[in-house]
Amino acid sequence: MDLATIIGIILSFGLVISAIAFKGSILIFVSIESLLIVLGGTIGATLVNYPLSRVFGVFSVVKHTFFSKVDSPTDIIDQFMEYANRARREGILSLEPIIKEIDDVYLRKGLQLTVDGLEPQAIQEILEKEVIYLESRHETGAEILSALGAYAPAMGMIGTAIGLILMLQTMEDPSTIGPAMAVALITTFYGAILANLVFLPMAGKLKQRSKDEIVVKEMVMEGILAISKGENPRIIEEKLTSFLPPKDRRKET
Amino acid sequence: MDLATIIGIILSFGLVISAIAFKGSILIFVSIESLLIVLGGTIGATLVNYPLSRVFGVFSVVKHTFFSKVDSPTDIIDQFMEYANRARREGILSLEPIIKEIDDVYLRKGLQLTVDGLEPQAIQEILEKEVIYLESRHETGAEILSALGAYAPAMGMIGTAIGLILMLQTMEDPSTIGPAMAVALITTFYGAILANLVFLPMAGKLKQRSKDEIVVKEMVMEGILAISKGENPRIIEEKLTSFLPPKDRRKET
Amino acid sequence: MDLATIIGIILSFGLVISAIAFKGSILIFVSIESLLIVLGGTIGATLVNYPLSRVFGVFSVVKHTFFSKVDSPTDIIDQFMEYANRARREGILSLEPIIKEIDDVYLRKGLQLTVDGLEPQAIQEILEKEVIYLESRHETGAEILSALGAYAPAMGMIGTAIGLILMLQTMEDPSTIGPAMAVALITTFYGAILANLVFLPMAGKLKQRSKDEIVVKEMVMEGILAISKGENPRIIEEKLTSFLPPKDRRKET
Amino acid sequence: MDLATIIGIILSFGLVISAIAFKGSILIFVSIESLLIVLGGTIGATLVNYPLSRVFGVFSVVKHTFFSKVDSPTDIIDQFMEYANRARREGILSLEPIIKEIDDVYLRKGLQLTVDGLEPQAIQEILEKEVIYLESRHETGAEILSALGAYAPAMGMIGTAIGLILMLQTMEDPSTIGPAMAVALITTFYGAILANLVFLPMAGKLKQRSKDEIVVKEMVMEGILAISKGENPRIIEEKLTSFLPPKDRRKET
Amino acid sequence: MDLATIIGIILSFGLVISAIAFKGSILIFVSIESLLIVLGGTIGATLVNYPLSRVFGVFSVVKHTFFSKVDSPTDIIDQFMEYANRARREGILSLEPIIKEIDDVYLRKGLQLTVDGLEPQAIQEILEKEVIYLESRHETGAEILSALGAYAPAMGMIGTAIGLILMLQTMEDPSTIGPAMAVALITTFYGAILANLVFLPMAGKLKQRSKDEIVVKEMVMEGILAISKGENPRIIEEKLTSFLPPKDRRKET
């Protein structure tokens, strides 16, 4: 899992738990039934909102984006410089043996189409479609986490409303009001914690990761198209360098 | 009805009802007049917001999207490989007898126009227009459900305001405040439940279903255009495969 | 006025009034001064927000969109089939006498430009501009109603704040708190009712009506352009049919 | 200042003040320190949000858009008919002496470029850039007013929080709670009034005015391009008329 | 740091502190543990939301945008007039020695590509890509500050919920309710202050600065492309002047 996620979760939950322990007892805030109604209701609403396979798929998308490493953009530039120089010197077909050793499906597909002699525009159409649908799958993952983050506080408030209505309906002894309201508020607390410390930040991280992956795919597409057009390696380098933040760029001479 | 919707509704409503039954009596939360003002007012506002035919049409759109099955993308690829190979071997007119047996209106229209010898660009214009207006009809359905989801909590709060004003205006015996406020809050509770467990998640499911259907339509369009341009079956396969998530793709060789 | 608007308003207001009458007296909720501050303040803010002529113009836009009938799309297809066949058989100039009898300004303008022999692209530019500015005028109408719907609850809360501040400042006899708060809440109630049962739903209906009118204009434009390009009547029919939902289409043979 | 703004401000403030005077004393709502914290804090946050020059620039943008008159679209059409006829009869260079007398910088620049014989596309690029950056400057003005409208209620609530915390911390005599809460609520009241009756409606008016000015600029651009392409005056009239609402159009013959 | 930011922060914090000091003691509002839970929790959530390197990178982006000066647009026009005249008189290669002295990486890269004789369209593609990715990096900075501004009030409310639940659960002596609630509200106060006086306005300033920088980059791109197309210096001046607000333009002759 990426480091920031671990640090962030430990930091925020640590502080919330310390704040509670400092002033009172953690036990007051532990309520299985409150957790059940908030988390269960949230998942229920999300299942109505998204197809079953996609809700479960969110775990794999999350896992994939949190654990898999995105290729380093500078490595990609080096790689393409090598391909471009080779294609220049020995012809485009000389890339054929290299293709088989490439792990990345997207890069392999693009180069294969190039070696097959497809028109650059046809290659572009195919690769762009890949990126568009990859993006849309990532978006669905982030949307599901955002939906969880939107339903959680709503379920928290529904839980609190239930508690308040029951309390108000049956209140006789004023001294029981305080504890009853405290219990009613715990679902609101759970809803806010789940939304703001878990679901919404995870949705945000997913979007960031997806953005980074898309940039890498666009660099790869740019490189493949440049090779398929037989462009000058120096120009290819200039084009790919444009994707990098200045501090990651090689000293330009 | 799709499985996730059933599971989701049972899960969320089950938990809400259990939470109530666990701490008090379900009867406290049953109020026909509260339901009438929240649901009736919500439907009233939605009728002012949308034409009558479209509000009723939402039932058929919902039913259609929940029950009809979207074609499997891999089946579509197989189908198009067959069409493309046949058109290659025996000429485009050899597709004519096949067209009559196709159920799907969109695919049949597209292939017919291709066999009729229309320019690819004209075919694209017609098919794109179909998709745009299909999308816009689906959107209206999702918008109506979203509107129901927006008016429901508002009506809930209006109901609570009515209850509070009446209570405050006539309060004499402090012991009646609790139960009166409990009753006033029930419309808020209904509004929140209807919006967050029914209308908004259903609007979301409709959007998801529509997105899936649009992707299928775009695959079909891509395939028809490729055939009408007489493209190589292997390229057609590459193009259509780009729409699929990697795990659904055939092992690429 | 369109039927759904009438039914919707009767339904929602009827239920609100019944709910009040059922539990107390309608008179408690009647307050001319509360209505004055909410409605007057809302209109005041809207006048600062929009030019005078456009705020008054909203009445005519509303009236026009609620009462005028949008042409039936199937009638438009019939009409264009007739024009297209005539233009095919007797030449484009044979449409000249028909043009004079057309009521719709947009259709007449488009056909006149076609008969005048303008290039299809020039016709398209002119007709598209018409649609863009028609759309923008409709949008302003819907925006003004949305602004009324946004300022109304704000004015309701300002009214309640005034009531609360006065009550808190001068409270001496605890028994007067209840009725004073009830009075203070009435502006909030008015703001919520005006926004959620009147302004926002009417803004929504306006947007729907405008959308329908724009679709009709786009069909007409498509038809005119097709005629001006001398396209085959069957293709024109295919093109125009794409705008219709499947259930409104003629049985395709 | 435009009439609607004056009427709107008098109407809304008049009603708010009457409502207060009717039920209590205006003096209760006058608090220099509350105004200082709300207005000062709002301006402070806005200064952090926008560059100094632009915050002060908002006064000139506001003044300019409220007082300067937008050219009448029908006058512009007349003007262009004259230019177009003249250019047709006596050649494009015959517009040279007229240009010097034109006040409007935009129109003058466009005609000068036309007379200089620039390609229509180059003229279009230059004029479009002018419009894009004019629009962006107007947007910044509206955004600053919207920011003031967003920070004002936030500062109001911060002021109320300060008042509540101080009151709760030091409360001893229950009879002082009421007046202390009343004072605390006054900042919320100020924030709501400033946002909903001043800043947000003025931001809206600015957007409207800007939209109108942009339409006029687009008409002028359309006209200049048509002249530079040597188009037929009747076509130019048709093109420019498309920008007008039907009721402002000359009777078409 | 830019002046408006300093003035704005001093103004708003000064007023908040004065308001507190005026009515009570500043000490009541100082609570290290409240600050810890609000600020720490906010940073924790933001770390889950964004990659570690980018959260820390926000400091450098903020510093860079607050301190670095954006080039004056009028200076840029002067510079380009010089380049354009030189390129006209002595040929494009005469720019070579000038390029080495240019500090700005973007301008240097663009001119170098021009001197190298790349096609204008290829130069445009490369320079546009630079701008797009620069914009996206700036956006990430502003988004992180906006996220801090969104999580801060949420953490404030979570802190208040914790305080309320503890207070309600254990309340025995009614006289302790006031101070306990005051303490609970302090986290809400901190969340509102941090969001509305620090994070959100700083996010806004970042967006403004980025917008200004992008405009300058677009001017530079426009100028480079015009030179690479060998355009007339006067036309180049007209093109670049379109980016300026009228008041910054030289008197046009």
# chains A, B, ... in the order shown; residues from 1 in each chain; ligands from 1
call {"tool": "calpha_fit_rmsd", "arguments": {"fixed": "chain E", "moving": "chain B"}}
result
0.1 Å
call {"tool": "closest_atom_pairs", "arguments": {"of": "chain A", "to": "chain E", "cutoff": "6 Å", "atoms": "only C-alpha atoms", "output": "Markdown table"}}
result
| residue | atom | partner | partner_atom | distance |
| --- | --- | --- | --- | --- |
| A:Ala4 | CA | E:Leu52 | CA | 4.9 |
| A:Thr5 | CA | E:Val48 | CA | 4.2 |
| A:Gly8 | CA | E:Gly44 | CA | 3.9 |
| A:Leu11 | CA | E:Gly44 | CA | 5.4 |
| A:Ser12 | CA | E:Gly41 | CA | 4.3 |
| A:Leu15 | CA | E:Ile37 | CA | 5.6 |
| A:Gly178 | CA | E:Leu168 | CA | 4.4 |
| A:Pro179 | CA | E:Gln169 | CA | 4.4 |
| A:Ala182 | CA | E:Ile165 | CA | 4.6 |
| A:Leu197 | CA | E:Ala45 | CA | 5.3 |
| A:Pro201 | CA | E:Asn49 | CA | 4.0 |
| A:Met202 | CA | E:Asn49 | CA | 5.7 |
| A:Gly204 | CA | E:Asn49 | CA | 4.8 |
| A:Lys205 | CA | E:Asn49 | CA | 4.4 |
| A:Lys239 | CA | E:Ile126 | CA | 5.5 |
| A:Ser242 | CA | E:Glu130 | CA | 4.8 |
call {"tool": "write_last_selection", "arguments": {"atoms": "all heavy atoms", "output": "short mmCIF file (atom, residue, chain, number, x, y, z; two decimals), in the first residue's frame"}}
result
data_model
loop_
_atom_site.label_atom_id
_atom_site.label_comp_id
_atom_site.auth_asym_id
_atom_site.auth_seq_id
_atom_site.Cartn_x
_atom_site.Cartn_y
_atom_site.Cartn_z
N ALA A 4 1.73 7.15 1.87
CA ALA A 4 0.91 8.26 2.34
C ALA A 4 -0.41 7.75 2.92
O ALA A 4 -0.90 8.27 3.93
CB ALA A 4 0.63 9.23 1.19
N THR A 5 -0.99 6.71 2.31
CA THR A 5 -2.25 6.17 2.80
C THR A 5 -2.08 5.63 4.21
O THR A 5 -2.90 5.91 5.10
CB THR A 5 -2.74 5.06 1.86
OG1 THR A 5 -2.80 5.58 0.54
CG2 THR A 5 -4.10 4.56 2.27
N GLY A 8 -1.37 8.52 6.61
CA GLY A 8 -2.58 9.33 6.76
C GLY A 8 -3.59 8.65 7.66
O GLY A 8 -4.17 9.29 8.55
N LEU A 11 -2.31 8.51 11.27
CA LEU A 11 -2.32 9.85 11.85
C LEU A 11 -3.74 10.27 12.25
O LEU A 11 -3.99 10.66 13.40
CB LEU A 11 -1.76 10.86 10.82
CG LEU A 11 -1.72 12.32 11.26
CD1 LEU A 11 -0.82 12.52 12.46
CD2 LEU A 11 -1.25 13.22 10.11
N SER A 12 -4.69 10.16 11.30
CA SER A 12 -6.02 10.69 11.59
C SER A 12 -6.75 9.82 12.61
O SER A 12 -7.31 10.34 13.58
CB SER A 12 -6.83 10.83 10.30
OG SER A 12 -6.91 9.60 9.63
N LEU A 15 -5.19 10.29 16.07
CA LEU A 15 -5.57 11.53 16.75
C LEU A 15 -6.99 11.47 17.28
O LEU A 15 -7.28 11.94 18.38
CB LEU A 15 -5.41 12.71 15.78
CG LEU A 15 -3.97 13.19 15.62
CD1 LEU A 15 -3.83 14.07 14.41
CD2 LEU A 15 -3.53 13.93 16.88
N GLY A 178 -29.65 12.73 28.22
CA GLY A 178 -28.24 12.88 27.84
C GLY A 178 -27.67 11.61 27.24
O GLY A 178 -27.29 11.59 26.06
N PRO A 179 -27.60 10.52 28.00
CA PRO A 179 -27.05 9.28 27.44
C PRO A 179 -27.75 8.82 26.17
O PRO A 179 -27.10 8.37 25.22
CB PRO A 179 -27.24 8.28 28.58
CG PRO A 179 -27.25 9.12 29.82
CD PRO A 179 -27.91 10.40 29.43
N ALA A 182 -26.51 10.86 23.38
CA ALA A 182 -25.12 10.47 23.09
C ALA A 182 -25.10 9.25 22.18
O ALA A 182 -24.38 9.20 21.17
CB ALA A 182 -24.37 10.19 24.39
N LEU A 197 -12.59 10.24 6.64
CA LEU A 197 -11.26 9.68 6.85
C LEU A 197 -11.01 8.43 6.01
O LEU A 197 -9.87 7.98 5.91
CB LEU A 197 -11.04 9.37 8.34
CG LEU A 197 -11.10 10.57 9.29
CD1 LEU A 197 -10.72 10.17 10.70
CD2 LEU A 197 -10.19 11.68 8.81
N PRO A 201 -11.27 10.25 1.00
CA PRO A 201 -9.84 10.33 0.66
C PRO A 201 -9.38 9.18 -0.25
O PRO A 201 -8.55 9.39 -1.14
CB PRO A 201 -9.14 10.24 2.02
CG PRO A 201 -10.16 10.65 3.02
CD PRO A 201 -11.48 10.24 2.46
N MET A 202 -9.96 7.97 -0.06
CA MET A 202 -9.55 6.86 -0.93
C MET A 202 -10.03 7.10 -2.36
O MET A 202 -9.33 6.79 -3.34
CB MET A 202 -10.12 5.54 -0.41
CG MET A 202 -9.73 5.24 1.01
SD MET A 202 -8.54 3.89 1.32
CE MET A 202 -9.21 2.52 0.46
N GLY A 204 -10.30 9.96 -3.69
CA GLY A 204 -9.36 10.96 -4.21
C GLY A 204 -8.05 10.33 -4.64
O GLY A 204 -7.52 10.64 -5.72
N LYS A 205 -7.52 9.44 -3.82
CA LYS A 205 -6.25 8.78 -4.16
C LYS A 205 -6.41 7.99 -5.47
O LYS A 205 -5.54 8.01 -6.34
CB LYS A 205 -5.81 7.85 -3.02
CG LYS A 205 -4.55 7.05 -3.24
CD LYS A 205 -3.26 7.85 -3.22
CE LYS A 205 -2.86 8.56 -1.97
NZ LYS A 205 -2.39 7.89 -0.82
N LYS A 239 9.28 15.87 -27.47
CA LYS A 239 7.84 15.65 -27.27
C LYS A 239 7.57 14.97 -25.94
O LYS A 239 6.71 15.38 -25.17
CB LYS A 239 7.28 14.78 -28.41
CG LYS A 239 7.01 15.55 -29.68
CD LYS A 239 6.25 14.67 -30.66
CE LYS A 239 5.73 15.49 -31.83
NZ LYS A 239 5.09 14.66 -32.84
N SER A 242 8.08 16.98 -22.69
CA SER A 242 7.04 17.96 -22.36
C SER A 242 6.09 17.45 -21.29
O SER A 242 5.43 18.22 -20.60
CB SER A 242 6.22 18.31 -23.61
OG SER A 242 7.05 18.75 -24.64
#
call {"tool": "residues_around", "arguments": {"residues": "range 88-101 of chain E", "least_positions_apart": "3", "cutoff": "12 Å", "atoms": "only C-alpha atoms", "output": "PyMOL selection string"}}
result
(chain A and resi 252-253) or (chain E and resi 79-85+104-118+224+226-234)
call {"tool": "write_last_selection", "arguments": {"atoms": "C-alpha atoms", "output": "PDB file, in the first residue's frame"}}
result
ATOM      1  CA  GLU A 252      18.945  20.231 -21.437  1.00  0.00           C
ATOM      2  CA  THR A 253      22.027  21.099 -23.397  1.00  0.00           C
TER       3      THR A 253
ATOM      4  CA  GLN E  79      10.671  41.114 -26.659  1.00  0.00           C
ATOM      5  CA  PHE E  80       8.778  39.408 -29.456  1.00  0.00           C
ATOM      6  CA  MET E  81       8.739  42.548 -31.589  1.00  0.00           C
ATOM      7  CA  GLU E  82      12.527  42.527 -31.335  1.00  0.00           C
ATOM      8  CA  TYR E  83      12.777  38.827 -32.241  1.00  0.00           C
ATOM      9  CA  ALA E  84      10.314  39.208 -35.104  1.00  0.00           C
ATOM     10  CA  ASN E  85      12.072  42.223 -36.592  1.00  0.00           C
ATOM     11  CA  ASP E 104      12.847  31.115 -19.306  1.00  0.00           C
ATOM     12  CA  VAL E 105      12.969  27.387 -20.176  1.00  0.00           C
ATOM     13  CA  TYR E 106       9.695  27.482 -22.085  1.00  0.00           C
ATOM     14  CA  LEU E 107      10.597  30.404 -24.325  1.00  0.00           C
ATOM     15  CA  ARG E 108      14.083  28.983 -24.928  1.00  0.00           C
ATOM     16  CA  LYS E 109      12.726  25.577 -25.904  1.00  0.00           C
ATOM     17  CA  GLY E 110      10.200  27.130 -28.276  1.00  0.00           C
ATOM     18  CA  LEU E 111      12.675  29.395 -30.030  1.00  0.00           C
ATOM     19  CA  GLN E 112      15.253  26.614 -30.275  1.00  0.00           C
ATOM     20  CA  LEU E 113      12.709  24.382 -32.027  1.00  0.00           C
ATOM     21  CA  THR E 114      11.901  27.277 -34.365  1.00  0.00           C
ATOM     22  CA  VAL E 115      15.541  27.879 -35.235  1.00  0.00           C
ATOM     23  CA  ASP E 116      15.947  24.127 -35.731  1.00  0.00           C
ATOM     24  CA  GLY E 117      13.390  24.499 -38.496  1.00  0.00           C
ATOM     25  CA  LEU E 118      10.587  22.356 -37.086  1.00  0.00           C
ATOM     26  CA  ILE E 224       6.861  31.748 -31.258  1.00  0.00           C
ATOM     27  CA  ALA E 226       4.021  33.596 -35.506  1.00  0.00           C
ATOM     28  CA  ILE E 227       7.803  33.919 -35.838  1.00  0.00           C
ATOM     29  CA  SER E 228       8.146  30.356 -37.059  1.00  0.00           C
ATOM     30  CA  LYS E 229       5.517  31.098 -39.716  1.00  0.00           C
ATOM     31  CA  GLY E 230       7.465  34.246 -40.656  1.00  0.00           C
ATOM     32  CA  GLU E 231       4.527  36.517 -39.974  1.00  0.00           C
ATOM     33  CA  ASN E 232       4.596  40.284 -40.309  1.00  0.00           C
ATOM     34  CA  PRO E 233       5.771  41.987 -37.054  1.00  0.00           C
ATOM     35  CA  ARG E 234       2.748  44.302 -37.072  1.00  0.00           C
TER      36      ARG E 234
END
call {"tool": "select_by_dssp", "arguments": {"residues": "range 77-110 of chain E", "states": "alpha helix (DSSP H)", "output": "PyMOL selection string"}}
result
chain E and resi 77-90+96-99+105-110
call {"tool": "atom_distance", "arguments": {"atom1": "CA of Ile32 in chain E", "atom2": "CA of Gly156 in chain E"}}
result
13.6 Å
call {"tool": "atom_distance", "arguments": {"atom1": "CA of Lys211 in chain A", "atom2": "CA of His138 in chain A"}}
result
9.3 Å
